[in-house]
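Q: First, the structure itself, so that you have it in front of you.
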Amino acid sequence: MSAKHPPNVIVFLTDQQRWDTTGVHGNPLELTPNFDRMATHGTHVAYSFTCQPLCGPARSCLQTGLYATSTGSWRNEIPLAPHLKTLAHHFKRGGYTTGYIGKWHLAAQNPVPEAERGGYDFWLASNILEFTSEEYDTVLYNNNNQAVKLPGYRVDALTDAAIRYVDVHQREPFFLFLSYIEPHYQNQVNDYPPPDGYRERYSGRWIPPDLAALGGSTHAHLGGYYGMVKRLDEALGRVLDALKSLALLENTIVLFTSDHGCHFKTRNDEYKRSCHDSSIRVPTALCGPGFDGGGRVRQLVSLVDLPPTLLAATGLPVPAEMQGRSILPLLGGRKAEWPAEAFVQISESHIGRCVRTRRWKYSVRAAAGATHVAGGADRYVEDFLYDLEYDPHELTNLIGFESHQEVAANLRERLLRRMAEVGETIPVIELAPAKPSGHRRVSGAV
């Protein structure tokens, strides 16, 4: 790494994208050849999880490296606190120019005043992009809070703006955060609108097993959703092509990830705010200096781990207050001390918490009459337990089964420990009513 020209960084963030939309995770529809190539030749974070399956809170975590109960933005419509340091502040201190394009969802108003932009130099964004635009009507706001209407399908409009930014700033180290709204649904019409002609390509085709079993809005929406994913992957290819054409590809770190997944009204009455993998597991890969040839990271990684990873990869100091940790020691199949579970908070629609290990998922929700404080509660009840080795699609809830009480007890202690580590008040967790197990037994170690 040259001291005069440290690597550029681009964050390519999608919204509400399931992990199993990608070929490297088994989707057979060839939706993501660019992501798949990036994951294969770069670093594939195979077990990547949001720490809050909701737009604003997840973004607060990704900007700061803190959990949402620490940022204070633990539900939508709570602006990011002005005293918090974002990736923009850290990269700017390291000599980078910084830019933000797309959806922000961390301010109190739209257009977003300068004080609520997280410290980014260049600004072309909307606080809640789904409310200021539609699929062929993209309106963002610039540094002067002037409305800017961009031509083309919305994914392409943002991608064009990102390529222009890269071209203008190619001679200086830059940090660009590119935040799409796709494949999030369009609120006004309750649909997933892809580019013209794309819905027809994918309607009635492969359905993930959890959606096939549970239904929800799958048949109405999955074709359009897949079409949006396809266009996003084409946009990723365009960004990588632009970097290659400007001789920047080998000196630019690109991170692809999403804020949360989508369960298509199978787990509750909407699309997220659930601790099931369909809601919390996301596709994540990195390429560029330090990540090319990094292989498949099998440890469980959270969104809060990505900010320290980017800072460490560019040689910048990782602030001690960050609650995530860099994944660099895990690259190339190396072993390092790492948490054995991912920890997830939910603080909107209901108050919930979960831990997810390679094999188990254990989740609790706030008890009736519990006191709610700052996105948490003083009492929870056990909600569900899944054995992901034998039930990867989370269709059989084992909570309360006598055969699995030892497993639940182990995971309950781990959940309480993780809550304490991020500064939450230790709650009481009420046990689920015991159920006879029949022939069920637990095989293997907990």
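Residues in the structure tokens are numbered from 1 in each chain, the chains being A, B, ... in the order shown, and ligands are numbered from 1 in the order shown.
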For region 396-405 of chain A, please output as an MDAnalysis selection string all residues within 9 Å (counting only C-alpha atoms; exclusion window: fewer than 4 positions along the same chain).
A: chainID A and resid 362 382:387 391 409:410 431:442
Q: Write out as a list in words the residues lying within 10 Å of Gly332 (chain A), counting only C-alpha atoms and excluding same-chain residues fewer than 4 positions away.
A: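 Near neighbours after the sequence-gap exclusion: Thr43, Phe291, Asp292, Gly293, Gly294, Gly295, Arg296, Val297 and Leu328 of chain A.
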Q: For Gly204 (chain A), please output as a PyMOL selection string all residues within 9 Å (counting only C-alpha atoms; exclusion window: fewer than 6 positions along the same chain).
A: chain A and resi 219+222-223
Q: From a DSSP pass on the backbone, collect the residues of region 308-419 of chain A flagged as helix (DSSP H, G or I) and hand them back as a PyMOL selection string.
A: chain A and resi 308-313+328-333+402-419
Q: Please produce a file of the residues just selected, as a PDB file, in the first residue's frame, where the atoms kept are N, CA and C atoms.
A:
ATOM      1  N   PRO A 308     -15.007  -1.666  11.242  1.00  0.00           N
ATOM      2  CA  PRO A 308     -13.602  -1.844  11.636  1.00  0.00           C
ATOM      3  C   PRO A 308     -12.789  -2.605  10.598  1.00  0.00           C
ATOM      4  N   THR A 309     -13.438  -3.490   9.845  1.00  0.00           N
ATOM      5  CA  THR A 309     -12.730  -4.209   8.793  1.00  0.00           C
ATOM      6  C   THR A 309     -12.224  -3.255   7.725  1.00  0.00           C
ATOM      7  N   LEU A 310     -13.086  -2.328   7.283  1.00  0.00           N
ATOM      8  CA  LEU A 310     -12.678  -1.386   6.240  1.00  0.00           C
ATOM      9  C   LEU A 310     -11.574  -0.458   6.725  1.00  0.00           C
ATOM     10  N   LEU A 311     -11.685   0.006   7.950  1.00  0.00           N
ATOM     11  CA  LEU A 311     -10.640   0.890   8.484  1.00  0.00           C
ATOM     12  C   LEU A 311      -9.315   0.152   8.598  1.00  0.00           C
ATOM     13  N   ALA A 312      -9.351  -1.057   9.140  1.00  0.00           N
ATOM     14  CA  ALA A 312      -8.113  -1.825   9.293  1.00  0.00           C
ATOM     15  C   ALA A 312      -7.481  -2.139   7.942  1.00  0.00           C
ATOM     16  N   ALA A 313      -8.315  -2.424   6.948  1.00  0.00           N
ATOM     17  CA  ALA A 313      -7.802  -2.788   5.632  1.00  0.00           C
ATOM     18  C   ALA A 313      -7.121  -1.628   4.928  1.00  0.00           C
ATOM     19  N   LEU A 328     -10.179  -9.230   9.219  1.00  0.00           N
ATOM     20  CA  LEU A 328      -8.910  -9.505   8.539  1.00  0.00           C
ATOM     21  C   LEU A 328      -8.182 -10.725   9.100  1.00  0.00           C
ATOM     22  N   PRO A 329      -8.164 -10.949  10.421  1.00  0.00           N
ATOM     23  CA  PRO A 329      -7.468 -12.145  10.923  1.00  0.00           C
ATOM     24  C   PRO A 329      -8.100 -13.472  10.493  1.00  0.00           C
ATOM     25  N   LEU A 330      -9.314 -13.423   9.912  1.00  0.00           N
ATOM     26  CA  LEU A 330      -9.995 -14.651   9.504  1.00  0.00           C
ATOM     27  C   LEU A 330      -9.749 -15.001   8.046  1.00  0.00           C
ATOM     28  N   LEU A 331      -9.138 -14.101   7.289  1.00  0.00           N
ATOM     29  CA  LEU A 331      -8.977 -14.330   5.863  1.00  0.00           C
ATOM     30  C   LEU A 331      -7.990 -15.446   5.580  1.00  0.00           C
ATOM     31  N   GLY A 332      -8.166 -16.068   4.432  1.00  0.00           N
ATOM     32  CA  GLY A 332      -7.272 -17.147   4.031  1.00  0.00           C
ATOM     33  C   GLY A 332      -7.419 -18.394   4.862  1.00  0.00           C
ATOM     34  N   GLY A 333      -8.574 -18.565   5.495  1.00  0.00           N
ATOM     35  CA  GLY A 333      -8.799 -19.764   6.303  1.00  0.00           C
ATOM     36  C   GLY A 333      -8.107 -19.744   7.643  1.00  0.00           C
ATOM     37  N   GLU A 402     -38.700 -30.760  26.316  1.00  0.00           N
ATOM     38  CA  GLU A 402     -37.873 -31.245  27.422  1.00  0.00           C
ATOM     39  C   GLU A 402     -36.511 -31.724  26.933  1.00  0.00           C
ATOM     40  N   SER A 403     -36.478 -32.299  25.755  1.00  0.00           N
ATOM     41  CA  SER A 403     -35.217 -32.801  25.201  1.00  0.00           C
ATOM     42  C   SER A 403     -34.227 -31.683  24.904  1.00  0.00           C
ATOM     43  N   HIS A 404     -34.703 -30.451  24.767  1.00  0.00           N
ATOM     44  CA  HIS A 404     -33.843 -29.355  24.344  1.00  0.00           C
ATOM     45  C   HIS A 404     -33.675 -28.290  25.422  1.00  0.00           C
ATOM     46  N   GLN A 405     -34.014 -28.616  26.661  1.00  0.00           N
ATOM     47  CA  GLN A 405     -33.891 -27.626  27.730  1.00  0.00           C
ATOM     48  C   GLN A 405     -32.442 -27.281  28.032  1.00  0.00           C
ATOM     49  N   GLU A 406     -31.544 -28.260  27.917  1.00  0.00           N
ATOM     50  CA  GLU A 406     -30.128 -27.973  28.157  1.00  0.00           C
ATOM     51  C   GLU A 406     -29.577 -27.047  27.063  1.00  0.00           C
ATOM     52  N   VAL A 407     -29.988 -27.312  25.822  1.00  0.00           N
ATOM     53  CA  VAL A 407     -29.572 -26.439  24.721  1.00  0.00           C
ATOM     54  C   VAL A 407     -30.084 -25.019  24.962  1.00  0.00           C
ATOM     55  N   ALA A 408     -31.353 -24.903  25.313  1.00  0.00           N
ATOM     56  CA  ALA A 408     -31.937 -23.584  25.542  1.00  0.00           C
ATOM     57  C   ALA A 408     -31.232 -22.864  26.685  1.00  0.00           C
ATOM     58  N   ALA A 409     -30.908 -23.590  27.735  1.00  0.00           N
ATOM     59  CA  ALA A 409     -30.230 -22.972  28.874  1.00  0.00           C
ATOM     60  C   ALA A 409     -28.860 -22.435  28.474  1.00  0.00           C
ATOM     61  N   ASN A 410     -28.138 -23.214  27.669  1.00  0.00           N
ATOM     62  CA  ASN A 410     -26.823 -22.792  27.202  1.00  0.00           C
ATOM     63  C   ASN A 410     -26.936 -21.520  26.360  1.00  0.00           C
ATOM     64  N   LEU A 411     -27.885 -21.521  25.447  1.00  0.00           N
ATOM     65  CA  LEU A 411     -28.048 -20.366  24.563  1.00  0.00           C
ATOM     66  C   LEU A 411     -28.589 -19.157  25.309  1.00  0.00           C
ATOM     67  N   ARG A 412     -29.414 -19.389  26.309  1.00  0.00           N
ATOM     68  CA  ARG A 412     -29.938 -18.288  27.122  1.00  0.00           C
ATOM     69  C   ARG A 412     -28.791 -17.563  27.818  1.00  0.00           C
ATOM     70  N   GLU A 413     -27.852 -18.288  28.364  1.00  0.00           N
ATOM     71  CA  GLU A 413     -26.703 -17.666  29.025  1.00  0.00           C
ATOM     72  C   GLU A 413     -25.846 -16.903  28.020  1.00  0.00           C
ATOM     73  N   ARG A 414     -25.694 -17.454  26.832  1.00  0.00           N
ATOM     74  CA  ARG A 414     -24.912 -16.768  25.815  1.00  0.00           C
ATOM     75  C   ARG A 414     -25.611 -15.478  25.368  1.00  0.00           C
ATOM     76  N   LEU A 415     -26.928 -15.529  25.248  1.00  0.00           N
ATOM     77  CA  LEU A 415     -27.676 -14.333  24.882  1.00  0.00           C
ATOM     78  C   LEU A 415     -27.520 -13.253  25.953  1.00  0.00           C
ATOM     79  N   LEU A 416     -27.665 -13.619  27.200  1.00  0.00           N
ATOM     80  CA  LEU A 416     -27.524 -12.642  28.279  1.00  0.00           C
ATOM     81  C   LEU A 416     -26.119 -12.048  28.302  1.00  0.00           C
ATOM     82  N   ARG A 417     -25.119 -12.865  28.028  1.00  0.00           N
ATOM     83  CA  ARG A 417     -23.751 -12.363  27.995  1.00  0.00           C
ATOM     84  C   ARG A 417     -23.566 -11.352  26.875  1.00  0.00           C
ATOM     85  N   ARG A 418     -24.123 -11.653  25.689  1.00  0.00           N
ATOM     86  CA  ARG A 418     -23.986 -10.724  24.570  1.00  0.00           C
ATOM     87  C   ARG A 418     -24.740  -9.430  24.836  1.00  0.00           C
ATOM     88  N   MET A 419     -25.889  -9.507  25.475  1.00  0.00           N
ATOM     89  CA  MET A 419     -26.616  -8.290  25.821  1.00  0.00           C
ATOM     90  C   MET A 419     -25.800  -7.433  26.775  1.00  0.00           C
TER      91      MET A 419
END
Q: Which neighbours of Pro6 (chain A) fall inside 10 Å, counting only C-alpha atoms, when residues of the same chain fewer than 6 positions from it are skipped, and could you give them as a PyMOL selection string?
A: chain A and resi 94-96+172-174+251-252+289+313-316
Q: Do a neighbour search on Arg75 (chain A) at 7 Å with only C-alpha atoms, toss out local chain neighbours closer than 4 positions, and write the hits as a ChimeraX atom specification.
A: /A:56-57,347-348
Q: Extract, using only C-alpha atoms, all DNA, RNA and protein residues at most 12 Å from Glu116 (chain A), discarding same-chain residues fewer than 5 positions from it, and format them as a VMD selection string.
A: chain A and resid 78 to 86 104 to 111 123 125 to 127 143
Q: Would you mind telling me which residue in A:Trp360, A:Tyr271, A:Tyr100, A:Tyr390 lies nearest to Gln63 (chain A) when using only C-alpha atoms?
A: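 When distances to Gln63 (chain A) are compared using only C-alpha atoms, the smallest one comes from A:Tyr100.
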Q: Assign secondary structure with DSSP using the backbone only, and return the residues of region 165-302 of chain A in strand (DSSP E) as a list in words.
A: Phe174, Phe175, Leu176, Phe177, Leu178, Ser179, Thr252, Ile253, Val254, Leu255, Phe256, Thr257, Ser258, Ala285, Leu286, Cys287, Gly295, Arg296, Val297, Arg298, Gln299, Leu300, Val301 and Ser302 of chain A
Q: Just give me the gap between CA of Arg201 (chain A) and CA of Glu130 (chain A) in Å, one decimal is fine.
A: 24.1 Å
Q: From the list A:Pro28, A:Pro427, A:Asp277, A:Gly119, which residue is nearest Arg93 (chain A) when using only C-alpha atoms?
A: A:Gly119
Q: Using only C-alpha atoms, find the one residue out of A:Leu150, A:Leu388, A:Ile426, A:Ile280 that sits nearest to Ala58 (chain A).
A: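 Using only C-alpha atoms, the shortest distance to Ala58 (chain A) belongs to A:Ile280.
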Q: To one decimal place, how far is CA of Pro7 (chain A) from CA of Val318 (chain A) in Å?
A: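 Separation between CA of Pro7 (chain A) and CA of Val318 (chain A): 16.3 Å.
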Q: A:Tyr136, A:Tyr67, A:Trp338, A:Phe343: which is nearest Gly423 (chain A), counting only C-alpha atoms?
A: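 Of the candidates, the smallest distance to Gly423 (chain A) is held by A:Tyr67.
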Q: Select, from A:Pro339, A:Pro209, A:Gly290, A:Pro307, the residue with the minimum atom-to-atom distance to Arg59 (chain A), counting only C-alpha atoms.
A: A:Pro307
Q: Please list as a list in words every residue within 9 Å of Asp210 (chain A), counting only C-alpha atoms and excluding residues in the same chain fewer than 6 positions away.
A: His263, Thr266, Ser278, Pro392, His393, Glu394 and Leu395 of chain A
Q: Could you save those same residues with N, CA and C atoms as an mmCIF file, in the first residue's frame?
A:
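Here's the written file again21.cif:
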data_model
loop_
_atom_site.group_PDB
_atom_site.id
_atom_site.type_symbol
_atom_site.label_atom_id
_atom_site.label_comp_id
_atom_site.auth_asym_id
_atom_site.auth_seq_id
_atom_site.Cartn_x
_atom_site.Cartn_y
_atom_site.Cartn_z
ATOM 1 N N HIS A 263 -38.683 -11.784 4.306
ATOM 2 C CA HIS A 263 -39.394 -13.060 4.476
ATOM 3 C C HIS A 263 -40.783 -13.064 3.848
ATOM 4 N N THR A 266 -44.131 -14.035 5.723
ATOM 5 C CA THR A 266 -44.274 -15.401 6.224
ATOM 6 C C THR A 266 -44.059 -15.496 7.728
ATOM 7 N N SER A 278 -34.277 -15.697 7.153
ATOM 8 C CA SER A 278 -34.807 -14.995 5.986
ATOM 9 C C SER A 278 -34.808 -13.494 6.189
ATOM 10 N N PRO A 392 -32.878 -26.337 8.516
ATOM 11 C CA PRO A 392 -32.254 -25.075 8.085
ATOM 12 C C PRO A 392 -33.248 -24.002 7.672
ATOM 13 N N HIS A 393 -34.484 -24.385 7.409
ATOM 14 C CA HIS A 393 -35.472 -23.404 6.975
ATOM 15 C C HIS A 393 -36.391 -22.965 8.113
ATOM 16 N N GLU A 394 -36.054 -23.379 9.331
ATOM 17 C CA GLU A 394 -36.708 -22.897 10.550
ATOM 18 C C GLU A 394 -38.220 -23.107 10.503
ATOM 19 N N LEU A 395 -38.598 -24.354 10.354
ATOM 20 C CA LEU A 395 -40.012 -24.709 10.253
ATOM 21 C C LEU A 395 -40.539 -25.407 11.496
#
Q: By how many Å are CA of His5 (chain A) and CA of Leu243 (chain A) apart?
A: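 Separating CA of His5 (chain A) from CA of Leu243 (chain A) is a distance of 15.3 Å.
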